[in-house]
Amino acid sequence: MIRTPALALVALLALPPGQACAFTLPWRTPAAPPEPPRPVASLILADDAAPGHSVPGIIAARREVVLGFQTLGRIAARDVDVGAVVRQGELLAALDPEDLQGDVRAAQAAADAAEVELRTVRAATGRTQALAQRNVASTAQLEQAERELAAAEATSQQARSQLIRARDAAGFARMTAPFDGVISAVFANAGAIVSAGEPVLTLSAQDGTEAVIDLPDAVAAAVELDDPYEIWSEMEPELLLPARVARIYPVADAATRTRRIHLALADGSPFRLGALIRARPARPAVARLMLPQSAILGGEGGARVWLIRREGGRATASLRAVTTLGPAVNGLIAITAGLQPGDEVAIRGIHSLAEGQEVGRSVTP
C-alpha cells in the first residue's frame, strides 16, 4: 500500500515542467510580503526658515530721561501729553505754587526774627564787654554774653539757609524740557500729589533711535559689540534695516534671566518710537538655512545630519557633515556649510536611522 506522501510525490513528478514550480507543499508557510519603508519626519530646507531665528524687540530712543519734580507738591498743570514734540526750555508741568510760596514766607519770617534776635544779642554783648573793661561786669557774665552771641549768629545763619532752600524749592515748581524731544510716557496727571523725584514724564530725544531686544544669557554670551544685525517689522518683512550692537547689559534680568541688547540704527530710521520689530544676526544667505536642534547629531565627527535622497521613487538616508553657527535660538540653529536650499533632512528619529537605509514618504512631526 502506497502512503499519501508518496502519492503526492508521484503526482508532482507527473506534472508538466511549467507547472511543477507552482505547486506548494502543504506543510510549508508562504513567505510574507516585504514591509514598506517606514515614513520619515523630515524638513525641506529653504531661506524662509530664517525668520524663525529672530527675536522680538521694540524701538526706543538712544537718549531718554525720566523727569520728576525736585520737591513735594501737587501738580497744578501738565501742558503736554504722550506724543507731544517739545523744545528745550519749554514748560512741561508745574506744581501748585501756594504751598511753596507759603514755605518761602515762613522761612523769610524766621530769618527776619533770627536777624532781630542777633542784633539784640550783639548789642547786649557789646555792653557787657564795655562793663567788663571797667571791671563792672564779671568774666562769667562776659563769657555768657559771648555764648549767647554765638548761638544767635548760628540761628540766624540757619534761618538764612532755610530761606534759600525754600526759594529753591519754589523754583523747582516748574518742570522744563532739558533738550528737544518727544514725550514718550506720562506717569502722573494734574491734581496728583507727587514726592521729590517721583516720575512724572519721560522725554525721548529724536536725534537717534535704537532697537532693544532681550536674549537668553547663553545666547547673549556669544554676542559682541559692533556685531551686525538685521531689523524689520512684521508689517513689512521685506524691508530689512542694518543695525549694530551698541550696548550689552552686563547683568541678566532677575525675573526673565535674559540680558538686554541695544542695537544702534542709522539716522533717518522709518520706525517710530515704541514700534514692535524683529531682529536677527546679519549673516550670508547660506547661513540663513535653519534646522531644529533635534536634527543635529553630535559626537567626535562634529555636527552631522541625515540627508534624505529621493531618486526614482526610492528614498535613502545618508549622513552629511555640516557646519553650524552660534548657539540655538528658539530651538533653531544656523547652518553655514554642508547643505543647500531644497535639501531634505530628517528631524525626528535620527538615532534609529542607518547609512543607506531606505525610508518612506515624508511626514510632518
# chains A, B, ... in the order shown; residues from 1 in each chain; ligands from 1
>>> select_by_dssp(residues="range 218-343 of chain A", states="strand (DSSP E or B)", output="PyMOL selection string")
chain A and resi 228-233+236-248+258-265+276-281+289-292+297+304-311+314-321+323-329+332-337
>>> select_by_dssp(residues="range 206-356 of chain A", states="helix (DSSP H, G or I)", output="PyMOL selection string")
chain A and resi 217-220+285-288+293-295+350-352
>>> residues_around(residues="Ala221 in chain A", least_positions_apart="4", cutoff="10 Å", atoms="only C-alpha atoms", output="list in words")
Leu215, Pro216, Asp217, Ile248, Pro250, Arg259 and Pro327 of chain A
>>> residues_around(residues="range 65-69 of chain A", least_positions_apart="5", cutoff="6 Å", atoms="only C-alpha atoms", output="PyMOL selection string")
chain A and resi 196-203
>>> residues_around(residues="Leu325 in chain A", least_positions_apart="2", cutoff="7 Å", atoms="only C-alpha atoms", output="ChimeraX atom specification")
/A:323,327,334-336
>>> closest_residue(among="A:Gly89, A:Gly57, A:Pro292, A:Pro37", to="Gly181 in chain A", atoms="only C-alpha atoms")
A:Gly89
>>> closest_residue(among="A:Ala109, A:Ile213, A:Val245, A:Ala152", to="Ala124 in chain A", atoms="only C-alpha atoms")
A:Ala152
>>> residues_around(residues="range 74-86 of chain A", least_positions_apart="6", cutoff="8 Å", atoms="only C-alpha atoms", output="VMD selection string")
chain A and resid 92 to 96 177 180 to 186 189 to 194
>>> residues_around(residues="Ala145 in chain A", least_positions_apart="3", cutoff="8 Å", atoms="only C-alpha atoms", output="PyMOL selection string")
chain A and resi 121+124-125+128+141-142+148-149
>>> write_last_selection(atoms="C-alpha atoms", output="PDB file, in the first residue's frame")
ATOM      1  CA  VAL A 121      22.211 139.868  71.483  1.00  0.00           C
ATOM      2  CA  ALA A 124      23.887 143.256  74.810  1.00  0.00           C
ATOM      3  CA  THR A 125      27.251 141.607  74.295  1.00  0.00           C
ATOM      4  CA  THR A 128      28.778 143.564  78.669  1.00  0.00           C
ATOM      5  CA  GLN A 141      28.938 137.428  82.631  1.00  0.00           C
ATOM      6  CA  LEU A 142      31.142 138.259  79.636  1.00  0.00           C
ATOM      7  CA  GLU A 148      24.533 133.868  73.539  1.00  0.00           C
ATOM      8  CA  LEU A 149      26.019 135.884  70.653  1.00  0.00           C
TER       9      LEU A 149
END
>>> closest_residue(among="A:Leu289, A:Val359, A:Ala218, A:Val136", to="Ala315 in chain A", atoms="only C-alpha atoms")
A:Val359
>>> decode(residues="range 120-273 of chain A", atoms="C-alpha atoms", output="PDB file, in the first residue's frame")
ATOM      1  CA  THR A 120      19.700 142.412  70.188  1.00  0.00           C
ATOM      2  CA  VAL A 121      22.211 139.868  71.483  1.00  0.00           C
ATOM      3  CA  ARG A 122      25.055 141.615  69.680  1.00  0.00           C
ATOM      4  CA  ALA A 123      24.140 144.934  71.400  1.00  0.00           C
ATOM      5  CA  ALA A 124      23.887 143.256  74.810  1.00  0.00           C
ATOM      6  CA  THR A 125      27.251 141.607  74.295  1.00  0.00           C
ATOM      7  CA  GLY A 126      28.796 144.958  73.400  1.00  0.00           C
ATOM      8  CA  ARG A 127      27.511 146.481  76.648  1.00  0.00           C
ATOM      9  CA  THR A 128      28.778 143.564  78.669  1.00  0.00           C
ATOM     10  CA  GLN A 129      32.222 143.890  77.091  1.00  0.00           C
ATOM     11  CA  ALA A 130      32.299 147.615  77.959  1.00  0.00           C
ATOM     12  CA  LEU A 131      31.344 146.892  81.568  1.00  0.00           C
ATOM     13  CA  ALA A 132      33.945 144.152  81.807  1.00  0.00           C
ATOM     14  CA  GLN A 133      36.654 146.589  80.663  1.00  0.00           C
ATOM     15  CA  ARG A 134      35.737 148.874  83.596  1.00  0.00           C
ATOM     16  CA  ASN A 135      35.681 145.831  85.902  1.00  0.00           C
ATOM     17  CA  VAL A 136      31.945 146.289  86.474  1.00  0.00           C
ATOM     18  CA  ALA A 137      30.882 143.026  84.854  1.00  0.00           C
ATOM     19  CA  SER A 138      32.486 139.743  85.811  1.00  0.00           C
ATOM     20  CA  THR A 139      34.322 137.404  83.488  1.00  0.00           C
ATOM     21  CA  ALA A 140      31.494 134.862  83.821  1.00  0.00           C
ATOM     22  CA  GLN A 141      28.938 137.428  82.631  1.00  0.00           C
ATOM     23  CA  LEU A 142      31.142 138.259  79.636  1.00  0.00           C
ATOM     24  CA  GLU A 143      31.509 134.588  78.685  1.00  0.00           C
ATOM     25  CA  GLN A 144      27.748 134.072  78.981  1.00  0.00           C
ATOM     26  CA  ALA A 145      27.103 137.047  76.682  1.00  0.00           C
ATOM     27  CA  GLU A 146      29.597 135.752  74.116  1.00  0.00           C
ATOM     28  CA  ARG A 147      27.937 132.291  74.129  1.00  0.00           C
ATOM     29  CA  GLU A 148      24.533 133.868  73.539  1.00  0.00           C
ATOM     30  CA  LEU A 149      26.019 135.884  70.653  1.00  0.00           C
ATOM     31  CA  ALA A 150      27.472 132.756  69.033  1.00  0.00           C
ATOM     32  CA  ALA A 151      24.144 130.933  69.376  1.00  0.00           C
ATOM     33  CA  ALA A 152      22.249 133.884  67.883  1.00  0.00           C
ATOM     34  CA  GLU A 153      24.663 134.014  64.918  1.00  0.00           C
ATOM     35  CA  ALA A 154      24.206 130.262  64.305  1.00  0.00           C
ATOM     36  CA  THR A 155      20.415 130.598  64.496  1.00  0.00           C
ATOM     37  CA  SER A 156      20.461 133.479  62.046  1.00  0.00           C
ATOM     38  CA  GLN A 157      22.667 131.540  59.629  1.00  0.00           C
ATOM     39  CA  GLN A 158      20.382 128.503  59.854  1.00  0.00           C
ATOM     40  CA  ALA A 159      17.322 130.657  59.155  1.00  0.00           C
ATOM     41  CA  ARG A 160      19.003 132.193  56.101  1.00  0.00           C
ATOM     42  CA  SER A 161      19.880 128.713  54.781  1.00  0.00           C
ATOM     43  CA  GLN A 162      16.284 127.561  55.203  1.00  0.00           C
ATOM     44  CA  LEU A 163      15.110 130.653  53.330  1.00  0.00           C
ATOM     45  CA  ILE A 164      17.453 129.871  50.437  1.00  0.00           C
ATOM     46  CA  ARG A 165      16.211 126.272  50.391  1.00  0.00           C
ATOM     47  CA  ALA A 166      12.569 127.382  50.364  1.00  0.00           C
ATOM     48  CA  ARG A 167      13.238 129.774  47.496  1.00  0.00           C
ATOM     49  CA  ASP A 168      14.992 126.992  45.547  1.00  0.00           C
ATOM     50  CA  ALA A 169      12.051 124.664  46.183  1.00  0.00           C
ATOM     51  CA  ALA A 170       9.697 127.338  44.862  1.00  0.00           C
ATOM     52  CA  GLY A 171      11.839 127.498  41.726  1.00  0.00           C
ATOM     53  CA  PHE A 172      11.558 123.705  41.341  1.00  0.00           C
ATOM     54  CA  ALA A 173       7.804 124.048  40.869  1.00  0.00           C
ATOM     55  CA  ARG A 174       8.326 124.468  37.117  1.00  0.00           C
ATOM     56  CA  MET A 175       9.393 121.494  35.004  1.00  0.00           C
ATOM     57  CA  THR A 176      11.037 122.424  31.698  1.00  0.00           C
ATOM     58  CA  ALA A 177      12.442 120.287  28.885  1.00  0.00           C
ATOM     59  CA  PRO A 178      16.220 119.759  29.190  1.00  0.00           C
ATOM     60  CA  PHE A 179      16.537 119.100  25.428  1.00  0.00           C
ATOM     61  CA  ASP A 180      14.473 118.851  22.251  1.00  0.00           C
ATOM     62  CA  GLY A 181      12.415 115.671  22.038  1.00  0.00           C
ATOM     63  CA  VAL A 182       9.057 113.950  22.246  1.00  0.00           C
ATOM     64  CA  ILE A 183       7.039 112.944  25.302  1.00  0.00           C
ATOM     65  CA  SER A 184       7.073 109.130  25.265  1.00  0.00           C
ATOM     66  CA  ALA A 185       5.383 108.376  28.608  1.00  0.00           C
ATOM     67  CA  VAL A 186       3.215 110.075  31.248  1.00  0.00           C
ATOM     68  CA  PHE A 187       3.025 108.811  34.826  1.00  0.00           C
ATOM     69  CA  ALA A 188       1.035 111.493  36.693  1.00  0.00           C
ATOM     70  CA  ASN A 189      -1.854 113.790  35.875  1.00  0.00           C
ATOM     71  CA  ALA A 190      -2.838 117.234  37.089  1.00  0.00           C
ATOM     72  CA  GLY A 191      -4.105 117.172  40.668  1.00  0.00           C
ATOM     73  CA  ALA A 192      -1.855 114.316  41.781  1.00  0.00           C
ATOM     74  CA  ILE A 193       0.459 114.795  44.748  1.00  0.00           C
ATOM     75  CA  VAL A 194       3.999 113.719  43.940  1.00  0.00           C
ATOM     76  CA  SER A 195       7.060 113.401  46.098  1.00  0.00           C
ATOM     77  CA  ALA A 196      10.536 114.591  45.249  1.00  0.00           C
ATOM     78  CA  GLY A 197      11.980 112.524  42.407  1.00  0.00           C
ATOM     79  CA  GLU A 198       8.762 110.658  41.591  1.00  0.00           C
ATOM     80  CA  PRO A 199       8.486 110.055  37.798  1.00  0.00           C
ATOM     81  CA  VAL A 200       6.052 112.368  36.010  1.00  0.00           C
ATOM     82  CA  LEU A 201       7.100 112.343  32.331  1.00  0.00           C
ATOM     83  CA  THR A 202       9.547 110.575  30.032  1.00  0.00           C
ATOM     84  CA  LEU A 203      11.277 112.705  27.406  1.00  0.00           C
ATOM     85  CA  SER A 204      12.918 110.930  24.446  1.00  0.00           C
ATOM     86  CA  ALA A 205      15.325 112.646  22.077  1.00  0.00           C
ATOM     87  CA  GLN A 206      14.560 112.450  18.367  1.00  0.00           C
ATOM     88  CA  ASP A 207      18.148 112.633  17.150  1.00  0.00           C
ATOM     89  CA  GLY A 208      18.594 108.842  17.101  1.00  0.00           C
ATOM     90  CA  THR A 209      16.739 105.586  17.681  1.00  0.00           C
ATOM     91  CA  GLU A 210      17.784 102.065  18.593  1.00  0.00           C
ATOM     92  CA  ALA A 211      16.230  98.637  18.815  1.00  0.00           C
ATOM     93  CA  VAL A 212      16.115  96.906  22.196  1.00  0.00           C
ATOM     94  CA  ILE A 213      15.978  93.099  22.384  1.00  0.00           C
ATOM     95  CA  ASP A 214      16.313  90.568  25.200  1.00  0.00           C
ATOM     96  CA  LEU A 215      18.377  87.416  24.685  1.00  0.00           C
ATOM     97  CA  PRO A 216      18.869  84.363  26.918  1.00  0.00           C
ATOM     98  CA  ASP A 217      22.095  84.570  28.847  1.00  0.00           C
ATOM     99  CA  ALA A 218      23.633  81.633  26.958  1.00  0.00           C
ATOM    100  CA  VAL A 219      22.937  83.332  23.610  1.00  0.00           C
ATOM    101  CA  ALA A 220      23.945  86.823  24.752  1.00  0.00           C
ATOM    102  CA  ALA A 221      27.326  85.467  25.863  1.00  0.00           C
ATOM    103  CA  ALA A 222      28.205  84.945  22.185  1.00  0.00           C
ATOM    104  CA  VAL A 223      27.176  88.494  21.178  1.00  0.00           C
ATOM    105  CA  GLU A 224      29.902  91.116  20.918  1.00  0.00           C
ATOM    106  CA  LEU A 225      29.896  94.863  20.455  1.00  0.00           C
ATOM    107  CA  ASP A 226      29.521  96.031  16.836  1.00  0.00           C
ATOM    108  CA  ASP A 227      28.060  92.688  15.677  1.00  0.00           C
ATOM    109  CA  PRO A 228      25.830  93.241  12.613  1.00  0.00           C
ATOM    110  CA  TYR A 229      22.071  92.651  12.905  1.00  0.00           C
ATOM    111  CA  GLU A 230      19.026  92.993  10.675  1.00  0.00           C
ATOM    112  CA  ILE A 231      15.856  94.755  11.825  1.00  0.00           C
ATOM    113  CA  TRP A 232      12.431  94.555  10.219  1.00  0.00           C
ATOM    114  CA  SER A 233       8.762  94.948  11.022  1.00  0.00           C
ATOM    115  CA  GLU A 234       6.326  92.087  10.620  1.00  0.00           C
ATOM    116  CA  MET A 235       4.093  94.510   8.724  1.00  0.00           C
ATOM    117  CA  GLU A 236       6.876  94.995   6.140  1.00  0.00           C
ATOM    118  CA  PRO A 237       9.108  91.887   6.295  1.00  0.00           C
ATOM    119  CA  GLU A 238      10.791  92.749   3.003  1.00  0.00           C
ATOM    120  CA  LEU A 239      12.228  95.997   4.451  1.00  0.00           C
ATOM    121  CA  LEU A 240      15.452  94.989   6.219  1.00  0.00           C
ATOM    122  CA  LEU A 241      17.424  97.688   8.023  1.00  0.00           C
ATOM    123  CA  PRO A 242      21.031  97.215   9.187  1.00  0.00           C
ATOM    124  CA  ALA A 243      21.899  97.656  12.846  1.00  0.00           C
ATOM    125  CA  ARG A 244      24.891  97.059  15.094  1.00  0.00           C
ATOM    126  CA  VAL A 245      25.252  96.069  18.726  1.00  0.00           C
ATOM    127  CA  ALA A 246      25.860  99.277  20.674  1.00  0.00           C
ATOM    128  CA  ARG A 247      25.403  98.194  24.303  1.00  0.00           C
ATOM    129  CA  ILE A 248      25.140  94.900  26.181  1.00  0.00           C
ATOM    130  CA  TYR A 249      23.829  94.831  29.712  1.00  0.00           C
ATOM    131  CA  PRO A 250      26.428  93.043  31.861  1.00  0.00           C
ATOM    132  CA  VAL A 251      23.840  91.637  34.301  1.00  0.00           C
ATOM    133  CA  ALA A 252      20.925  89.345  33.459  1.00  0.00           C
ATOM    134  CA  ASP A 253      17.394  90.301  34.480  1.00  0.00           C
ATOM    135  CA  ALA A 254      16.493  88.628  37.776  1.00  0.00           C
ATOM    136  CA  ALA A 255      12.986  87.654  36.619  1.00  0.00           C
ATOM    137  CA  THR A 256      13.497  86.560  32.996  1.00  0.00           C
ATOM    138  CA  ARG A 257      17.203  85.632  33.145  1.00  0.00           C
ATOM    139  CA  THR A 258      17.754  87.499  29.877  1.00  0.00           C
ATOM    140  CA  ARG A 259      20.241  90.219  29.013  1.00  0.00           C
ATOM    141  CA  ARG A 260      19.233  93.397  27.217  1.00  0.00           C
ATOM    142  CA  ILE A 261      20.938  94.216  23.932  1.00  0.00           C
ATOM    143  CA  HIS A 262      20.804  97.704  22.354  1.00  0.00           C
ATOM    144  CA  LEU A 263      21.095  97.800  18.555  1.00  0.00           C
ATOM    145  CA  ALA A 264      22.011 101.168  17.037  1.00  0.00           C
ATOM    146  CA  LEU A 265      20.106 102.151  13.894  1.00  0.00           C
ATOM    147  CA  ALA A 266      21.206 104.586  11.236  1.00  0.00           C
ATOM    148  CA  ASP A 267      19.825 108.120  11.342  1.00  0.00           C
ATOM    149  CA  GLY A 268      16.565 108.533   9.489  1.00  0.00           C
ATOM    150  CA  SER A 269      15.110 105.180  10.513  1.00  0.00           C
ATOM    151  CA  PRO A 270      11.459 104.835   9.401  1.00  0.00           C
ATOM    152  CA  PHE A 271      10.459 103.128  12.645  1.00  0.00           C
ATOM    153  CA  ARG A 272       8.560 105.181  15.220  1.00  0.00           C
ATOM    154  CA  LEU A 273       9.287 105.099  18.932  1.00  0.00           C
TER     155      LEU A 273
END
